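Asker: Contents of target10.txt (compact mmCIF, C-alpha atoms):
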```txt
# COMPACT_ATOMS: atom_id res chain seq x y z
CA MET H 189 -13.09 -10.26 -28.93
CA LYS H 190 -12.22 -11.18 -32.50
CA GLU H 191 -12.78 -7.58 -33.54
CA ILE H 192 -10.27 -6.36 -30.96
CA LYS H 193 -7.72 -8.91 -32.20
CA ASP H 194 -8.26 -7.71 -35.76
CA PHE H 195 -7.72 -4.14 -34.62
CA PHE H 196 -4.43 -5.08 -32.97
CA ALA H 197 -3.39 -6.88 -36.15
CA LEU H 198 -3.89 -3.65 -38.09
CA CYS H 199 -1.38 -1.82 -35.90
CA LYS H 200 1.63 -3.49 -37.50
CA TYR H 201 0.70 -1.87 -40.81
CA SER H 202 0.80 1.62 -39.34
CA PHE H 203 3.51 4.03 -40.36
CA LYS H 204 6.81 3.86 -38.46
CA PHE H 205 5.42 1.00 -36.42
CA SER H 206 8.83 -0.30 -35.30
CA THR H 207 10.02 3.13 -34.19
CA ASN H 208 6.82 3.95 -32.34
CA ILE H 209 6.59 0.55 -30.66
CA THR H 210 10.17 1.07 -29.47
CA PHE H 211 9.26 4.43 -27.93
CA MET H 212 6.18 2.89 -26.36
CA LEU H 213 8.26 0.13 -24.77
CA ILE H 214 10.77 2.71 -23.51
CA PHE H 215 7.99 4.68 -21.83
CA LEU H 216 6.58 1.47 -20.42
CA GLY H 217 9.98 0.41 -19.10
CA ILE H 218 10.65 3.78 -17.48
CA GLY H 219 7.19 3.72 -15.96
CA VAL H 220 7.57 0.22 -14.53
CA VAL H 221 11.01 0.97 -13.07
CA THR H 222 9.77 4.24 -11.54
CA GLU H 223 6.71 2.53 -10.09
CA VAL H 224 8.74 -0.25 -8.51
CA MET H 225 11.41 2.08 -7.12
CA SER H 226 8.87 4.53 -5.68
CA LYS H 227 6.58 1.73 -4.47
CA GLY H 228 3.72 3.49 -6.22
CA THR H 229 4.04 6.73 -4.26
CA GLN H 230 4.83 8.90 -7.31
CA TYR H 231 2.51 9.67 -10.20
CA LEU H 232 5.15 9.88 -12.94
CA GLY H 233 5.76 6.14 -13.26
CA GLY H 234 2.08 5.34 -13.49
CA PHE H 235 1.54 8.16 -15.97
CA TYR H 236 4.27 6.82 -18.26
CA ILE H 237 2.64 3.40 -18.13
CA VAL H 238 -0.85 4.60 -19.09
CA LEU H 239 0.68 6.97 -21.65
CA CYS H 240 1.40 3.88 -23.74
CA SER H 241 -2.31 3.65 -24.56
CA MET H 242 -1.92 6.79 -26.66
CA TYR H 243 0.21 4.83 -29.11
CA MET H 244 -2.72 2.53 -29.89
CA PHE H 245 -4.66 5.56 -31.06
CA GLN H 246 -1.68 6.79 -33.04
CA PHE H 247 -1.07 3.46 -34.76
CA ILE H 248 -4.61 3.24 -36.10
CA MET H 249 -4.96 6.92 -36.98
CA SER H 250 -1.83 6.73 -39.10
CA LEU H 251 -3.50 4.10 -41.28
CA SER H 252 -6.03 6.68 -42.44
CA MET H 253 -3.24 8.27 -44.49
CA SER H 254 -3.22 5.21 -46.73
CA ASP H 255 -4.97 5.64 -50.09
CA MET H 256 -6.14 2.05 -49.86
CA ILE H 257 -7.76 2.67 -46.48
CA GLN H 258 -9.32 5.95 -47.60
CA SER H 259 -10.91 4.27 -50.61
CA SER H 260 -12.15 1.29 -48.60
CA GLY H 261 -15.32 0.96 -46.58
CA ILE H 262 -13.47 1.13 -43.25
CA GLY H 263 -12.02 4.61 -43.72
CA ARG H 264 -14.53 6.14 -41.31
CA ARG H 265 -14.02 3.39 -38.74
CA ILE H 266 -10.25 3.89 -38.86
CA GLN H 267 -10.72 7.44 -37.57
CA LEU H 268 -13.59 6.72 -35.21
CA ASP H 269 -14.54 3.30 -33.86
CA ILE H 270 -11.25 1.43 -34.06
CA PRO H 271 -8.84 3.88 -32.36
CA VAL H 272 -11.34 4.65 -29.60
CA LYS H 273 -11.94 0.96 -28.87
CA LEU H 274 -8.22 0.18 -28.87
CA ASN H 275 -7.42 3.16 -26.68
CA PHE H 276 -10.11 2.16 -24.20
CA THR H 277 -8.96 -1.47 -24.11
CA PHE H 278 -5.31 -0.59 -23.60
CA SER H 279 -6.09 2.11 -21.01
CA PHE H 280 -8.36 -0.24 -19.07
CA VAL H 281 -5.77 -3.03 -19.01
CA LEU H 282 -2.84 -0.79 -18.07
CA PHE H 283 -4.81 0.99 -15.37
CA THR H 284 -5.96 -2.34 -13.95
CA LEU H 285 -2.36 -3.58 -13.76
CA LEU H 286 -1.44 -0.31 -12.07
CA VAL H 287 -4.27 -0.77 -9.56
CA ILE H 288 -3.17 -4.32 -8.77
CA PHE H 289 0.44 -3.25 -8.17
CA ARG H 290 -0.53 -0.28 -6.03
CA SER H 291 -2.98 -2.35 -4.02
CA ILE H 292 -0.17 -4.77 -3.23
CA MET H 293 2.14 -1.88 -2.28
CA ALA H 294 -0.53 -0.30 -0.06
CA ALA H 295 -1.02 -3.62 1.72
CA ARG H 296 2.71 -4.14 2.20
CA TYR H 297 3.45 -0.56 3.20
CA PRO H 298 0.33 0.75 5.00
CA GLU H 299 2.22 3.83 6.16
CA LYS H 300 2.50 4.86 2.49
CA ALA H 301 -1.13 4.10 1.60
CA SER H 302 -2.24 7.74 1.48
CA GLU H 303 0.72 8.68 -0.74
CA ILE H 304 -0.09 5.81 -3.09
CA ALA H 305 -3.75 6.83 -3.23
CA THR H 306 -2.93 10.51 -3.78
CA SER H 307 -0.55 9.84 -6.66
CA LEU H 308 -3.13 7.52 -8.24
CA PHE H 309 -5.65 10.37 -8.02
CA VAL H 310 -3.24 12.56 -10.00
CA ILE H 311 -2.87 9.80 -12.60
CA ASP H 312 -6.67 9.62 -12.93
CA ILE H 313 -6.83 13.27 -13.94
CA LEU H 314 -3.95 12.93 -16.38
CA ILE H 315 -5.51 9.84 -17.98
CA PHE H 316 -8.71 11.77 -18.59
CA GLN H 317 -6.75 14.58 -20.21
CA LEU H 318 -5.02 12.08 -22.50
CA PHE H 319 -8.37 10.89 -23.86
CA ILE H 320 -9.31 14.43 -24.88
CA TYR H 321 -5.83 15.16 -26.22
CA THR H 322 -5.69 12.12 -28.49
CA ALA H 323 -9.14 12.93 -29.86
CA VAL H 324 -8.01 16.27 -31.29
CA VAL H 325 -4.22 16.19 -31.71
CA TYR H 326 -4.13 14.66 -35.19
CA LYS H 327 -6.63 17.19 -36.52
CA TYR H 328 -5.40 20.27 -34.64
CA PHE H 329 -1.80 19.29 -34.08
CA LEU H 330 0.01 22.49 -33.12
CA ALA H 331 -2.81 23.94 -31.03
CA SER H 332 -3.26 20.61 -29.22
CA ILE H 333 0.44 20.32 -28.40
CA ILE H 334 0.57 23.84 -26.98
CA ILE H 335 -2.64 23.48 -24.96
CA PHE H 336 -1.66 20.01 -23.74
CA CYS H 337 1.73 21.20 -22.47
CA LEU H 338 0.16 24.20 -20.75
CA LEU H 339 -2.56 22.09 -19.18
CA ILE H 340 -0.07 19.50 -17.97
CA GLY H 341 1.86 22.28 -16.25
CA PHE H 342 -1.20 23.92 -14.71
CA ILE H 343 -2.85 20.64 -13.71
CA THR H 344 0.33 19.24 -12.19
CA ALA H 345 0.95 22.44 -10.24
CA GLY H 346 -2.67 22.63 -9.15
CA LEU H 347 -2.82 19.00 -8.12
CA THR H 348 0.46 19.33 -6.24
CA PHE H 349 -1.11 22.11 -4.18
CA ILE H 350 -4.48 20.38 -3.74
CA THR H 351 -3.03 17.02 -2.79
CA ASN H 352 -1.09 18.67 0.03
CA LEU H 353 -4.38 19.52 1.72
CA ASP H 354 -5.24 17.63 4.88
CA ILE H 355 -8.16 15.83 3.25
CA PHE H 356 -5.79 13.83 1.06
CA SER H 357 -3.97 12.48 4.10
CA ARG H 358 -7.13 10.45 4.77
CA LEU H 359 -7.64 9.38 1.17
CA THR H 360 -8.11 5.63 0.74
CA LEU H 361 -7.07 3.72 -2.36
CA ASN H 362 -10.65 2.80 -3.25
CA THR H 363 -11.55 6.38 -4.15
CA PRO H 364 -8.95 6.94 -6.91
CA ILE H 365 -9.49 3.39 -8.18
CA ILE H 366 -13.20 3.99 -8.71
CA LEU H 367 -12.55 7.50 -10.03
CA GLY H 368 -10.00 6.13 -12.50
CA TYR H 369 -12.41 3.65 -14.04
CA VAL H 370 -15.15 6.29 -14.17
CA LEU H 371 -12.85 8.77 -15.93
CA ILE H 372 -11.71 6.11 -18.39
CA ALA H 373 -15.35 5.42 -19.27
CA VAL H 374 -16.28 9.12 -19.48
CA GLY H 375 -13.08 9.90 -21.38
CA THR H 376 -13.84 7.18 -23.91
CA VAL H 377 -17.34 8.54 -24.54
CA LEU H 378 -16.05 12.10 -24.92
CA GLN H 379 -13.23 10.91 -27.15
CA TYR H 380 -15.71 9.15 -29.41
CA LEU H 381 -18.02 12.17 -29.55
CA ILE H 382 -15.17 14.56 -30.33
CA CYS H 383 -13.79 12.25 -33.02
CA ARG H 384 -17.26 12.00 -34.51
CA LEU H 385 -17.67 15.77 -34.44
CA ILE H 386 -14.39 16.49 -36.26
CA ILE H 387 -14.19 13.39 -38.45
CA LYS H 388 -14.52 15.43 -41.66
CA LYS H 389 -11.64 17.65 -40.64
CA PRO H 390 -8.49 16.55 -42.54
CA ILE H 391 -5.55 15.25 -40.57
CA SER H 392 -3.13 18.05 -39.79
CA GLN H 393 -0.18 18.25 -42.16
CA ARG H 394 2.03 19.08 -39.18
CA ALA H 395 0.98 15.83 -37.53
CA PHE H 396 1.54 14.06 -40.83
CA ARG H 397 5.10 15.32 -41.19
CA GLY H 398 5.95 15.22 -37.52
CA VAL H 399 4.66 11.77 -36.73
CA PHE H 400 4.05 9.93 -39.96
CA LYS H 401 6.90 10.97 -42.24
CA ASP H 402 6.89 7.64 -44.01
CA ALA H 403 3.32 8.08 -45.16
CA LYS H 404 4.28 9.82 -48.38
```
Here is a file; write its structure as structure tokens.
Answerer:
Amino acid sequence: MKEIKDFFALCKYSFKFSTNITFMLIFLGIGVVTEVMSKGTQYLGGFYIVLCSMYMFQFIMSLSMSDMIQSSGIGRRIQLDIPVKLNFTFSFVLFTLLVIFRSIMAARYPEKASEIATSLFVIDILIFQLFIYTAVVYKYFLASIIIFCLLIGFITAGLTFITNLDIFSRLTLNTPIILGYVLIAVGTVLQYLICRLIIKKPISQRAFRGVFKDAK
């Protein structure tokens, strides 16, 4: 627990922390408002909420640009252990809060239960994609952005078609809840393995200029 607290403490030393925390809170606010207004029947609000976990990864990864960090003994951990652990912790907490809210909504509005479950299923898939995306984006910035945008489009379109099938009308909330936690666990493992595989790859200069302009 102390290690996690120390990791969070490091975040405030990341580049453009104030700006990025503002954007994170904006996404969180939009997500919460959308969730409440839609009563959990739309995936966009929930996706914006869990998207905030990506900032934890970004905060820590930006620290690796520091000469002091690079020359210290924690340089490797900054690009491997710490961001993965923070991302997992934040994703787990945000998803759990989302599950609690949607469980309440499903209980209060049983006629919307299948819609709530279906949209949570979509969020599960998008969460998993975020884990893979954050693992590679700071090393292969441009390619990751292009592929991510294309995948979001294809996945969203595909899921929109699939979730209209009759089988999803009988989907219970338990299924996407369990699937979500499984994908968070699997995503974390894959994220760690990918980060470990490409750890020697330098951080993309495009990512450096586009996200961490204050690093120089």
Asker: Could you check which of H:Leu385, H:Gly234, H:Lys273, H:Leu251 is closest to H:Phe205, using only C-alpha atoms?
Answerer: H:Leu251
Asker: Neighbouring residues of H:Cys337 were defined as those with any atom within 12 Å, considering only C-alpha atoms; residues of the same chain fewer than 6 positions away were excluded. Please report them as a PDB file with C-alpha atoms, in the frame of the given file.
Answerer:
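The file below, result.pdb, is the result:
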```pdb
ATOM      1  CA  LEU H 314      -3.950  12.930 -16.380  1.00  0.00           C
ATOM      2  CA  GLN H 317      -6.750  14.580 -20.210  1.00  0.00           C
ATOM      3  CA  LEU H 318      -5.020  12.080 -22.500  1.00  0.00           C
ATOM      4  CA  TYR H 321      -5.830  15.160 -26.220  1.00  0.00           C
ATOM      5  CA  LEU H 330       0.010  22.490 -33.120  1.00  0.00           C
ATOM      6  CA  ALA H 331      -2.810  23.940 -31.030  1.00  0.00           C
ATOM      7  CA  ILE H 343      -2.850  20.640 -13.710  1.00  0.00           C
ATOM      8  CA  THR H 344       0.330  19.240 -12.190  1.00  0.00           C
TER       9      THR H 344
END
```
Asker: Choose the residue, out of H:Ala345, H:Leu367, H:Leu361, H:Val221, that has the smallest atom-to-atom separation from H:Pro298; count all atoms listed in the file.
Answerer: H:Leu361
Asker: Looking at all atoms listed in the file, which of H:Ala373, H:Thr306, H:Leu286, H:Gln379 is the one that sits closest to H:Arg358?
Answerer: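 Looking at the shortest contact to H:Arg358, the residue is H:Thr306.
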Asker: For H:Phe215, find every residue with an atom within 9 Å (counting only C-alpha atoms), except residues of its own chain fewer than 2 positions away, and show them as number ranges by chain.
Answerer: H: 210-213, 217-220, 233, 236-237, 239-240
Asker: With distances taken over all atoms listed in the file, which of H:Leu285, H:Val325, H:Ile304, H:Leu339 is nearest to H:Met242?
Answerer: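 Of H:Leu285, H:Val325, H:Ile304, H:Leu339, the one nearest H:Met242 is H:Val325, counting all atoms listed in the file.
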Asker: I'd like to know which of H:Phe316, H:Leu308, H:Ser250, H:Phe342 is closest to H:Ile391, using all atoms listed in the file.
Answerer: H:Ser250
Asker: Considering all atoms listed in the file, state which residue in the set H:Asn208, H:Ile248, H:Val310, H:Ile334 is at the smallest distance from H:Phe349.
Answerer: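 Checking each of H:Asn208, H:Ile248, H:Val310, H:Ile334 against H:Phe349, counting all atoms listed in the file, the winner is H:Val310.
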Asker: List as a ChimeraX atom specification the protein and nucleic acid residues near H:Val324, meaning an atom at most 12 Å away when all atoms listed in the file are counted, but skip any in the same chain fewer than 5 places from it.
Answerer: /H:245-246,249,267-268,317-319,329-333,335-336,378-387,389-392,395
Asker: Using all atoms listed in the file, which protein or nucleic acid residues come within 12 Å of H:Val370? Drop anything in the same chain fewer than 2 positions from it, and give the result as a PyMOL selection string.
Answerer: chain H and resi 276+280+283+312-313+315-316+363-368+372-377
Asker: Report, in Å with one decimal, the straight-line distance from atom CA of H:Thr229 to atom CA of H:Ile311.
Answerer: 11.3 Å
Asker: Please report the interatomic distance between atom CA of H:Thr277 and atom CA of H:Ile292 in Å with one decimal.
Answerer: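 The value is 22.9 Å.
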Asker: Which distance in Å separates atom CA of H:Tyr243 and atom CA of H:Met293, to one decimal?
Answerer: 27.7 Å
Asker: Go ahead and fit an axis-aligned box to every listed atom of stretch 363-376 of chain H plus 5 Å each side, and pass me the centre and edge lengths in Å, one decimal, as JSON.
Answerer:
```
{"center_x": -12.6, "center_y": 6.6, "center_z": -14.0, "size_x": 17.3, "size_y": 16.5, "size_z": 29.8}
```
Asker: Could you give me, as a PDB file with C-alpha atoms, keeping the file's coordinate frame, the residues that sit within 9 Å of (5.6, 1.9, -5.5) in the file's coordinates, counting all atoms listed in the file?
Answerer:
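Just written: result-v2.pdb:
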```pdb
ATOM      1  CA  THR H 222       9.770   4.240 -11.540  1.00  0.00           C
ATOM      2  CA  GLU H 223       6.710   2.530 -10.090  1.00  0.00           C
ATOM      3  CA  VAL H 224       8.740  -0.250  -8.510  1.00  0.00           C
ATOM      4  CA  MET H 225      11.410   2.080  -7.120  1.00  0.00           C
ATOM      5  CA  SER H 226       8.870   4.530  -5.680  1.00  0.00           C
ATOM      6  CA  LYS H 227       6.580   1.730  -4.470  1.00  0.00           C
ATOM      7  CA  GLY H 228       3.720   3.490  -6.220  1.00  0.00           C
ATOM      8  CA  THR H 229       4.040   6.730  -4.260  1.00  0.00           C
ATOM      9  CA  GLN H 230       4.830   8.900  -7.310  1.00  0.00           C
ATOM     10  CA  GLY H 233       5.760   6.140 -13.260  1.00  0.00           C
ATOM     11  CA  PHE H 289       0.440  -3.250  -8.170  1.00  0.00           C
ATOM     12  CA  ARG H 290      -0.530  -0.280  -6.030  1.00  0.00           C
ATOM     13  CA  MET H 293       2.140  -1.880  -2.280  1.00  0.00           C
ATOM     14  CA  ALA H 294      -0.530  -0.300  -0.060  1.00  0.00           C
ATOM     15  CA  ILE H 304      -0.090   5.810  -3.090  1.00  0.00           C
TER      16      ILE H 304
END
```
